[in-house]
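Have a look at the structure below before the remarks.
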Amino acid sequence: MLSFNQPAVYQSSNCYVTYGILPHLDPKQLPSKSKPWTTLTSQDFVHKADLIIPQEMLELVQEKLLGDKLAPTFKRVVISLHDILSGEFFTEYIKKGDVLMLSEGRRGIDNVLSLRGGTLTMFLGKEAYERAGLVGKPHGVKGKRGLKPRWIVEFDLTSPSMFPGKKGFDRLIYASNNAFAEPITWLFCNVSSTTPDPDPLSRHFATNYTANPGLSQGIDAVIPKLSPDVDFIASSGKEDFEDFSTNLYEWLSLVRLQSPRIQVGDKIDPYLSRYQVPDSDTEGKICKISWQGFLAPSWCRQILIGVITALPSKTWFSFSTTTFSKGLAGDNAECTILRPPNSSGEYLMWEVKGHE
Amino acid sequence: MDTKSRKDQPIAAALLSRAHEPDEANRIFTEKIQQRPLFLTPSSPPPADARAARRRAQEKKKQQRKKALKPKPLSATQRRRLGLYDVPRAGQKHALFEPLHRLWLGYVREILGSEVYTGGEGAAAKLASADFHGAGVEVVRSGCVSRVGIKGIVVKDSKFAFEIVTIKDRVKLVPKEGTVFRFEVPVPDLRKGVVEGQAGEGEEKMCNLVFEIHGEQFQFRSADRASRKFRSHFSKKL
């Protein structure tokens with residue numbers, strides 16, 4: 001197939017809308033290969049997750065999803081790259097286990113290192129790249145052309161050639177001793193369910209955090225029409241579908257932001273805001289549950305499975321996840337899934353992502 | 001004469017007819033432009049008489065002998081083919097150059113004197129004009145990332161590159177462009193109150209003078225560097 005080159009000029013993020021059918025969830029074989037699930041797992045590090053449900057469904061969801069022991073935990077630790085690549089940490093967490101780590105900084109400006117699925121990715125500036133001595137690819141809109149090019153270096157640490165004594169790994173160790181010698185602040189999340197018994201992380205005095213869900217309930221809201229018409233899908237109705245999905249996404253985003261515009265009886269001066277909820281004939285109470293922290297995409301997938309199994313199939317819900325920002329402009333990737341009411345497994349998914 | 005119309009007249013004749021009277025213009029045009037003699041070789045026409053021919057032959061011989069007597073340097077191709085400046089395979093051993101390295105350390109300590117401990121501008125100026133054959137070097141930063149980490153003793157310091165023999169007995173040619181080299185000179189540590197630790201009584205504690213050289217600014221032969229005053233230049237690439 002044709003392979004498209006990286007864009008050479010700045011491109012803003014795009015929003016892709018998908019309308020499909022959720023297959024029935026078999027508890028023995030949980031889905032992972034079809035559309036909403038692959039999008040969820042393709043996100044790298046999730047920062048915020050929000051669930052919007054009608055108020056009446058809150059109790060059903062409460063014991064399943066909001067128990068204390070189910071809240072995701074993560075840690076913040078100050079550790080140097082050399083310590084990650086050697087000793088107990090390397091064998092237990094990286095070779096045998098599955099962890100997510102992200103270092104402090106912004107990708108276009110500082111040197112950001114991230115570890116995901118056993119792959120160490122480093123986004124380096126010119127000086128760090130030249131001092132490290134590791135081969136990488138150019139990164140950014142200008143590529144190799146500008147005065148200060150930036151680089152991405154990737155290493156698959158789970159591969160059998162990544163052991164001390166092998167040439168490639170020795171070069172990585174050399175770089176960690178020279179170019180990345182000082183300790184870096186990382187966010188750490190253990191994705192696998194087991195923790196190794198003498199915890200290698202205990203030497204480094206990590207700070208533990210728990211992303212407790214925040215609940216805002218009893219929001220009196222004006223609810224628009226949530227189900228798309230079937231004739232939107234026909235080719236003649238393309239613009240209608242675009243309008244419908246844009247308006248619905250806007251409404252969902254306002255609910256996530258807890259904006260007063262969607263509330264019943266909102267009387268704002270039209271000079272300040274002209275927003276009107278589209279097709280505003282129903283009113284109801286909705287509630288919003290939000291998690292914020294260093295979350296794993298697999299956890300998001302489990303929450304979505306939990307919600308689908310907990311709620312009766314006629315009720316609607318909306319689940320959205322936002323990642324950490326990537327570039328200089330602070331764009332994040334986002335995925336929002338809405339199951340319309342009284343539908344037989346239909347869903348609408350909005351995916352916002354940039355080209356990076 | 002003006003049977004030709006104005007358009008058919010060549011440009012040179014037209015210009016000449018503006019400057020001179022018609023007969024004059026015509027004469028100049030035919031003699032000096034149309035019938036201009038074209039010398040095929042510098043020595044054509046052949047000499048008229050035998051005497052001129054003999055004189056010419058003798059001068060030619062004298063010039064050739066003078067040229068052959070003048071010594072000329074070898075061209076790059078000749079140098080490469082003769083292999084005069086290559087380190088022979090038997091000689092590419094790190095252990096062979098270690099005595100040279102010790103000589104160099106002594107030499108650097110001698111030229112720096114007490115500035116080894118303080119560093120600074122004076123030490124930098126002396127080091128810039130010093131000779132680096134036998135120095136212990138490590139490539140620390142480079143535009144070509146595969147060069148980073150090469151460590152060894154300098155075997156040859158040419159205008160644009162360093163030849164370095166590594167601990168594994170390989171000779172590597174590292175261009176100076178876009179590369180930063182780090183040199184270390186161990187000197188005895190004279191600070192008071194330094195704990196001896198596990199070092200025995202006979203051993204002295206050593207500390208290092210570490211300095212880095214930007215190869216971009218250093219692209220001169222070591223002989224030319226001795227009298228050069230280095231000024232700091234702003235580098236776009238750093």
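Ordering of the structure tokens sets the chain letters (A, B, ...); residue numbers start at 1 within each chain; ligands are numbered from 1 in the order shown.
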
Legend entry - Near-B:Tyr117 list (9 Å; only C-alpha atoms; drop same-chain fewer than 3 positions) as a ChimeraX atom specification: /B:113-114,187,189-190,208-209

May I have the residues from that selection written out with C-alpha atoms, as a PDB file, in the first residue's frame?
```pdb
ATOM      1  CA  GLY B 113      52.633  23.878  35.514  1.00  0.00           C
ATOM      2  CA  SER B 114      50.422  24.931  38.376  1.00  0.00           C
ATOM      3  CA  VAL B 187      47.419  14.880  38.289  1.00  0.00           C
ATOM      4  CA  ASP B 189      45.617  15.572  44.244  1.00  0.00           C
ATOM      5  CA  LEU B 190      47.218  18.128  46.511  1.00  0.00           C
ATOM      6  CA  ASN B 208      41.710  14.804  36.737  1.00  0.00           C
ATOM      7  CA  LEU B 209      41.964  17.908  34.653  1.00  0.00           C
TER       8      LEU B 209
END
```

Inset, instruction - Give me every alpha helix (DSSP H) residue in stretch 109-212 of chain B, going by DSSP on the backbone, as a list in words. - result: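 So, restricting stretch 109-212 of chain B to alpha helix (DSSP H), we get Arg109, Glu110, Ile111, Leu112, Glu115, Val116, Tyr117, Thr118, Glu121, Gly122, Ala123, Ala124, Ala125, Lys126, Leu127 and Ala128 of chain B.
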
Legend entry - Residue nearest chain B - candidates A:Glu130, A:Asp199, A:Asp98, A:Glu88, atoms counted: only C-alpha atoms: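 Result for the nearest residue to chain B: A:Glu130.
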
Please produce, as a tab-separated table, a per-residue contact table for chain B versus chain A (criterion: any atom at most 6 Å away, only C-alpha atoms considered), showing the nearest atom pair and its distance in Å to one decimal, sorted by chain then residue number.
```
residue	atom	partner	partner_atom	distance
B:Arg141	CA	A:Arg131	CA	4.4
B:Ser142	CA	A:Glu130	CA	5.3
B:Gly143	CA	A:Glu130	CA	5.8
B:Val145	CA	A:Gly133	CA	4.3
B:Ser146	CA	A:Gly133	CA	5.9
B:Val148	CA	A:Gly133	CA	5.1
```

Inset, instruction - Give the strand (DSSP E or B) residues of stretch 6-211 of chain B, as assigned by DSSP on the backbone, as a ChimeraX atom specification. - result: /B:136-142,151-157,161-166,171-175,179-188,206-211

Legend entry - Contacts of stretch 188-197 of chain A within 8 Å, only C-alpha atoms, excl. fewer than 5 positions in-chain, as a list in words: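 The neighbour list is Thr73, Phe74, Lys75, Arg76, Val77, Glu92, Tyr93, Gly97, Asp98, Val99, Leu100, Met101, Leu102, Phe294, Leu295, Ala296 and Ser298 of chain A.
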
Inset, instruction - List the neighbours of stretch 104-106 of chain B out to 7 Å using only C-alpha atoms; skip same-chain residues closer than 5 positions along the sequence, and give me the result as a PyMOL selection string. - result: chain B and resi 134-135+185

Legend entry - d(atom CA of A:His204, atom CA of A:Phe180) in Å: 17.3 Å

Legend entry - Long-range neighbours of A:Thr185 as a list in words, 7 Å cut-off, only C-alpha atoms, 3 positions minimum in chain: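 So the residues in contact are Val77, Val78, Ile79, Ser103 and Glu104 of chain A.
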
Inset, instruction - Write out as a PyMOL selection string the residues lying within 12 Å of stretch 81-86 of chain B, counting only C-alpha atoms and excluding same-chain residues fewer than 6 positions away. - result: chain B and resi 74-75+92+155-158+163+171-173

Let me see the file: selected residues, N, CA and C atoms, as a PDB file, in the first residue's frame.
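Contents of selection-v7.pdb, freshly written:
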```pdb
ATOM      1  N   LEU B  74      54.316  15.257  -2.557  1.00  0.00           N
ATOM      2  CA  LEU B  74      53.522  14.160  -3.116  1.00  0.00           C
ATOM      3  C   LEU B  74      52.069  14.588  -3.226  1.00  0.00           C
ATOM      4  N   SER B  75      51.403  14.145  -4.260  1.00  0.00           N
ATOM      5  CA  SER B  75      49.966  14.437  -4.362  1.00  0.00           C
ATOM      6  C   SER B  75      49.209  13.445  -3.478  1.00  0.00           C
ATOM      7  N   GLN B  92      49.167  -1.634  15.200  1.00  0.00           N
ATOM      8  CA  GLN B  92      47.901  -1.093  15.689  1.00  0.00           C
ATOM      9  C   GLN B  92      47.575  -1.709  17.038  1.00  0.00           C
ATOM     10  N   VAL B 155      46.902   8.787  17.636  1.00  0.00           N
ATOM     11  CA  VAL B 155      48.079   8.321  16.910  1.00  0.00           C
ATOM     12  C   VAL B 155      48.528   9.379  15.915  1.00  0.00           C
ATOM     13  N   LYS B 156      47.557  10.062  15.297  1.00  0.00           N
ATOM     14  CA  LYS B 156      47.888  11.055  14.286  1.00  0.00           C
ATOM     15  C   LYS B 156      46.919  12.203  14.410  1.00  0.00           C
ATOM     16  N   ASP B 157      47.453  13.408  14.389  1.00  0.00           N
ATOM     17  CA  ASP B 157      46.618  14.603  14.485  1.00  0.00           C
ATOM     18  C   ASP B 157      46.801  15.359  13.187  1.00  0.00           C
ATOM     19  N   SER B 158      45.914  15.128  12.224  1.00  0.00           N
ATOM     20  CA  SER B 158      46.075  15.796  10.938  1.00  0.00           C
ATOM     21  C   SER B 158      45.161  17.003  10.904  1.00  0.00           C
ATOM     22  N   GLU B 163      43.413  10.353  14.301  1.00  0.00           N
ATOM     23  CA  GLU B 163      43.431   8.901  14.232  1.00  0.00           C
ATOM     24  C   GLU B 163      43.650   8.396  15.641  1.00  0.00           C
ATOM     25  N   VAL B 171      42.305   0.978  14.910  1.00  0.00           N
ATOM     26  CA  VAL B 171      42.626   2.380  14.636  1.00  0.00           C
ATOM     27  C   VAL B 171      41.411   3.015  13.982  1.00  0.00           C
ATOM     28  N   LYS B 172      40.884   4.084  14.573  1.00  0.00           N
ATOM     29  CA  LYS B 172      39.689   4.735  14.037  1.00  0.00           C
ATOM     30  C   LYS B 172      40.046   6.151  13.610  1.00  0.00           C
ATOM     31  N   LEU B 173      39.572   6.535  12.440  1.00  0.00           N
ATOM     32  CA  LEU B 173      39.789   7.879  11.939  1.00  0.00           C
ATOM     33  C   LEU B 173      38.536   8.686  12.243  1.00  0.00           C
TER      34      LEU B 173
END
```

Inset, instruction - Rank B:Glu121, B:Glu98, B:Glu184, B:Glu115 by their smallest atom-to-atom distance to B:Glu138, using only C-alpha atoms, and report the top residue only. - result: B:Glu184

Inset, instruction - Kindly indicate which residue among B:Lys236, B:Lys93, B:Gly149, B:Phe39 lies nearest to A:Asn177, using only C-alpha atoms for the distances. - result: B:Gly149

Legend entry - For atom CA of B:Pro175 and atom CA of B:Phe162, the interatomic separation in Å (one decimal):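 Atom CA of B:Phe162 lies 6.3 Å from atom CA of B:Pro175.
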